[in-house]
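Peer 1: Take a look at this one; I'll ask things after.
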Amino acid sequence: MKQKTKFIFVIGGVLSGVGKGVTAASIGRIFKNNGFDVSAIKIDPYINVDAGTMNPVEHGEVFVTEDGDETDQDLGNYERFLDTDLLSTNYMTTGRVYLSVIEKERSMGYKGRCVQVVPHIPMEIIHRIKTAAEKTKAEIMVIEIGGTVGEYENILFLDAARMMKLDNPDDVAFVLVSYLPVPSHLGEMKTKPTQHAARTLNNSGIQPDFIIARGKHELDKPRREKLAFFCWLQSKEDVISAPDVDSIYEIPAVLEKQNFGKLLAKRLKMKLNRQNKSGEWNKFITQMKNPKKTIKVAVVGKYFATGDYTLSDSYISVIQAVKHAAWSVGAEAEMTWLDSEDYEKDKNAVKNLSQYDALIVPGGFGTRGIEGIISAIKYARENSLPYLGLCYGMQLATIEFARHVLGIKDAHTVEVNPKTKNPIIHINPMQAQNVSKNRYGGTMRLGAYDCVLKANTKTAQAYGEKKISERHRHRYEFNNDYKKAIDDAGLKVVGVNEEKDLVEIVELSNHPFFVGTQFHPELKSRPTSPHPLFVGLMKAALD
Ligand code: GLN
């Protein structure tokens with residue numbers, strides 16, 4: 001029998017970036033491994049209506065859902081850990097919440113009453129959480145509240161959580177994910193910032209049920225007792241130690257070892273052990289921990305000089321997709337980020353690609369570093385280096401081919417050169433209007449579209465299917481006027497969207513593996529089911 005929805009709120013303390021998203025995803029995985037239907041919601045406190053208008057270098061990757069919502073990268077973590085598709089209802093921002101309240105007010109939806117920040121904003125938040133639970137039919141709904149306690153931005157979300165607990169105390173649990181620093185001059189873990197975070201949470205009317213103590217090291221017994229005592233937890237077992245680990249995918253096991261699932265279930269007045277469904281996950285973990293080879297993957301693009309932290313955040317799905325695929329072929333991926341502008345400064349620099357087993361050009365926007373990327377793609381094409389181009393990486397591969405194989409010297413995308421006489425990548429009239437009228441938010445080609453594959457191609461072989469569906473996020477498209485020419489010359493059009501007559505996948509004949517996709521396959525890669533095209537790339541790299 002199905003369990004009525006239980007809500008687990010994950011809230012951050014002390015500082016951001018300590019792994020709230022992965023903790024939320026891991027909690028979900030624990031319940032999934034025990035046979036429950038799990039879903040997750042991310043709450044972003046920003047005024048932005050979606051993440052689509054945010055700079056990825058500042059905010060991290062924009063993760064696109066099946067139904068075309070541009071969301072936070074944490075939704076990617078949830079999908080990967082839970083192996084489930086999430087929808088627009090699984091994401092909300094302050095902007096989105098206010099927008100619906102204001103729209104409702106404008107249409108007399110509040111029937112003449114005075115509309116106030118409290119209670120109407122928290123009520124709209126609760127309405128959204130409950131709608132998501134109904135839509136996903138989740139038995140367990142994990143809700144991550146963005147930001148950290150004590151800041152102004154997320155107060156109304158905390159208030160909504162508090163109200164939900166008040167209404168149904170047995171159906172709501174609070175988990176505080178906090179950080180325990182080790183100041184270098186002391187060399188010991190300090191609990192005081194976490195104590196303050198718990199107190200601050202108390203000010204919002206919320207008592208945490210559990211504290212996840214993130215830190216470099218394992219939490220010791222005295223500190224565990226201290227935290228439980230000073231943060232008013234029911235027992236010291238309610239403090240869960242979460243030290244740094246090699247891979248995020250090990251976190252469910254770290255939490256499980258301390259019985260976190262059972263403790264949570266007990267607090268929610270339910271039983272955890274319904275059915276053991278952990279086989280698939282455990283098999284993946286074993287595979288991940290035993291790679292026999294290393295595959296060296298070069299990723300070429302712009303923005304790469306901004307430092308490792310933002311970089312791995314901006315391309316998190318690409319990184320994960322490469323890792324999943326490498327593990328699935330018994331290897332480990334070693335990724336190197338190469339700045340395409342270096343290839344513009346020195347024409348011979350592309351030769352450094354010879355030391356890699358595969359090349360990826362990920363998605364991107366704008367003009368910076370474009371010629372350097374094109375040089376890298378040329379190198380891959382001419383030197384049989386396995387290549388996967390994702391979105392912009394596909395568009396630029398067609399430009400490279402048009403220029404150097406078809407001899408169309410000024411072939412370009414109108415995104416970079418709006419006046420080119422040979423717009424291999426162009427823009428449709430509707431999109432041109434969006435751009436000219438500054439209608440940027442949520443107007444790209446977004447979300448899942450079908451694609452029919454051509455038989456007897458490497459792509460069809462990799463997928464093992466005739467018809468697929470993949471997620472998009474781009475404004476420009478391949479120009480069908482050049483379709484026959486590139487196909488005849490060897491860059492085969494092997495995937496199309498028939499409804500809109502759009503080119504989705506190109507593949508080079510006479511090359512071990514050279515594939516470009518207009519969509520973003522990385523968004524659908526899961527540790528337990530890696531994406532076929534990334535697996536194809538890894539297999540070619542091993543060969
Ligand atoms: N800039 C290109 C476009 O808008 C590609 C986008 C992307 O790579 N996501 O079409």
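Simple scheme: letters A, B, ... for chains in structure tokens order, numbers from 1 for residues in each chain, numbers from 1 for ligands in the order shown.
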Pick out the residues no farther than 6 Å from ligand 1, counting only C-alpha atoms and all ligand atoms, and list them as a PyMOL selection string.
Peer 2: chain A and resi 363-365+391-392+473-476
Peer 1: If DSSP is run on the backbone, what residues of region 29-237 of chain A are alpha helix (DSSP H)? A reply as a ChimeraX atom specification would be ideal.
Peer 2: /A:29-33,56-59,73-82,94-106,117-136,155-167,192-203,221-230
Peer 1: Which neighbours of Gly109 (chain A) fall inside 12 Å, counting only C-alpha atoms, when residues of the same chain fewer than 6 positions from it are skipped, and could you give them as a list in words?
Peer 2: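 Result of the neighbour search: Ser100, Val101, Ile102, Glu103, Val115 and His120 of chain A.
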Peer 1: For the interface of region 395-450 of chain A with region 378-385 of chain A (cut-off 12 Å, counting only C-alpha atoms), please tabulate each contacting residue of region 395-450 of chain A alongside its nearest pair of atoms and their separation in Å to one decimal, rows sorted by chain and increasing number, as a Markdown table.
Peer 2:
```
| residue | atom | partner | partner_atom | distance |
| --- | --- | --- | --- | --- |
| A:Leu396 | CA | A:Lys378 | CA | 10.0 |
| A:Ala397 | CA | A:Lys378 | CA | 8.0 |
| A:Thr398 | CA | A:Lys378 | CA | 10.5 |
| A:Ile399 | CA | A:Lys378 | CA | 10.1 |
| A:Glu400 | CA | A:Lys378 | CA | 6.5 |
| A:Phe401 | CA | A:Lys378 | CA | 7.8 |
| A:Ala402 | CA | A:Lys378 | CA | 11.0 |
| A:Arg403 | CA | A:Lys378 | CA | 10.0 |
| A:His404 | CA | A:Lys378 | CA | 8.2 |
| A:Val405 | CA | A:Lys378 | CA | 10.0 |
```
Peer 1: My list of candidates is A:Gln234, A:Asn348, A:Asn479, A:Thr459. Which is closest to Asn422 (chain A) when distances are computed with only C-alpha atoms?
Peer 2: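 When distances to Asn422 (chain A) are compared using only C-alpha atoms, the smallest one comes from A:Asn479.
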Peer 1: From the list A:Asp543, A:Asp67, A:Asp246, A:Asp44, which residue is nearest Tyr449 (chain A) when using only C-alpha atoms?
Peer 2: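 Of the candidates, the smallest distance to Tyr449 (chain A) is held by A:Asp67.
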Peer 1: What's the separation between CA of Phe514 (chain A) and CA of Tyr387 (chain A), in Å to one decimal place?
Peer 2: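 Straight-line distance from CA of Phe514 (chain A) to CA of Tyr387 (chain A) works out to 4.6 Å.
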Peer 1: What does the distance between CA of Val297 (chain A) and CA of Met335 (chain A) come to in Å, to one decimal place?
Peer 2: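 One can read the CA of Val297 (chain A) to CA of Met335 (chain A) distance as 4.8 Å.
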Peer 1: Find the residues of region 5-28 of chain A that sit at most 9 Å from region 162-174 of chain A; for each, write down the nearest two atoms and how far apart they are in Å, to one decimal. Count only C-alpha atoms. Sort by chain, then by number going up, and give it as CSV.
Peer 2:
```
residue,atom,partner,partner_atom,distance
A:Thr5,CA,A:Asp171,CA,7.3
A:Lys6,CA,A:Asp171,CA,4.7
A:Phe7,CA,A:Val172,CA,4.8
A:Ile8,CA,A:Ala173,CA,4.9
A:Phe9,CA,A:Phe174,CA,5.0
A:Val10,CA,A:Phe174,CA,6.2
A:Ile11,CA,A:Phe174,CA,7.4
```
Peer 1: Residues near Glu237 (chain A), anyone? I mean within 9 Å using only C-alpha atoms, not counting same-chain ones fewer than 4 positions away, as a ChimeraX atom specification.
Peer 2: /A:210,224-225,228,233,258-260,263
Peer 1: Just the selected residues (N, CA and C atoms), exported as a CSV table (one decimal), in the first residue's frame, please.
Peer 2:
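The file below, out-v4.csv, is the result:
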```csv
chain,number,residue,atom,x,y,z
A,210,PHE,N,17.3,16.6,13.0
A,210,PHE,CA,18.6,16.0,12.8
A,210,PHE,C,19.6,17.1,12.3
A,224,ARG,N,29.8,15.2,19.1
A,224,ARG,CA,28.5,14.7,18.7
A,224,ARG,C,27.6,15.0,19.9
A,225,GLU,N,28.1,14.6,21.1
A,225,GLU,CA,27.2,14.8,22.3
A,225,GLU,C,27.0,16.3,22.6
A,228,ALA,N,24.3,17.6,20.1
A,228,ALA,CA,23.0,17.1,20.4
A,228,ALA,C,22.4,17.9,21.6
A,233,LEU,N,18.6,18.3,20.4
A,233,LEU,CA,18.2,17.1,19.6
A,233,LEU,C,17.7,16.1,20.6
A,258,GLN,N,25.1,5.2,9.7
A,258,GLN,CA,24.7,5.8,11.0
A,258,GLN,C,23.1,5.7,11.2
A,259,ASN,N,22.5,4.7,10.4
A,259,ASN,CA,21.1,4.5,10.5
A,259,ASN,C,20.2,5.7,10.2
A,260,PHE,N,20.7,6.6,9.4
A,260,PHE,CA,19.9,7.8,9.2
A,260,PHE,C,18.5,7.6,8.6
A,263,LEU,N,16.2,6.3,11.4
A,263,LEU,CA,15.9,7.4,12.3
A,263,LEU,C,14.9,8.3,11.7
```
Peer 1: Near Ser529 (chain A), within 9 Å and counting only C-alpha atoms, which residues show up once chain neighbours fewer than 6 positions away are dropped, as a list in words?
Peer 2: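 Skipping anything fewer than 6 positions along the chain leaves Asp83, His324, Ala325 and Ser328 of chain A.
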Peer 1: So, counting only C-alpha atoms, which residue among A:Tyr482, A:Tyr179, A:Trp232, A:Tyr463 is closest to Val14 (chain A)?
Peer 2: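 Between A:Tyr482, A:Tyr179, A:Trp232, A:Tyr463, the residue approaching Val14 (chain A) most closely is A:Tyr179.
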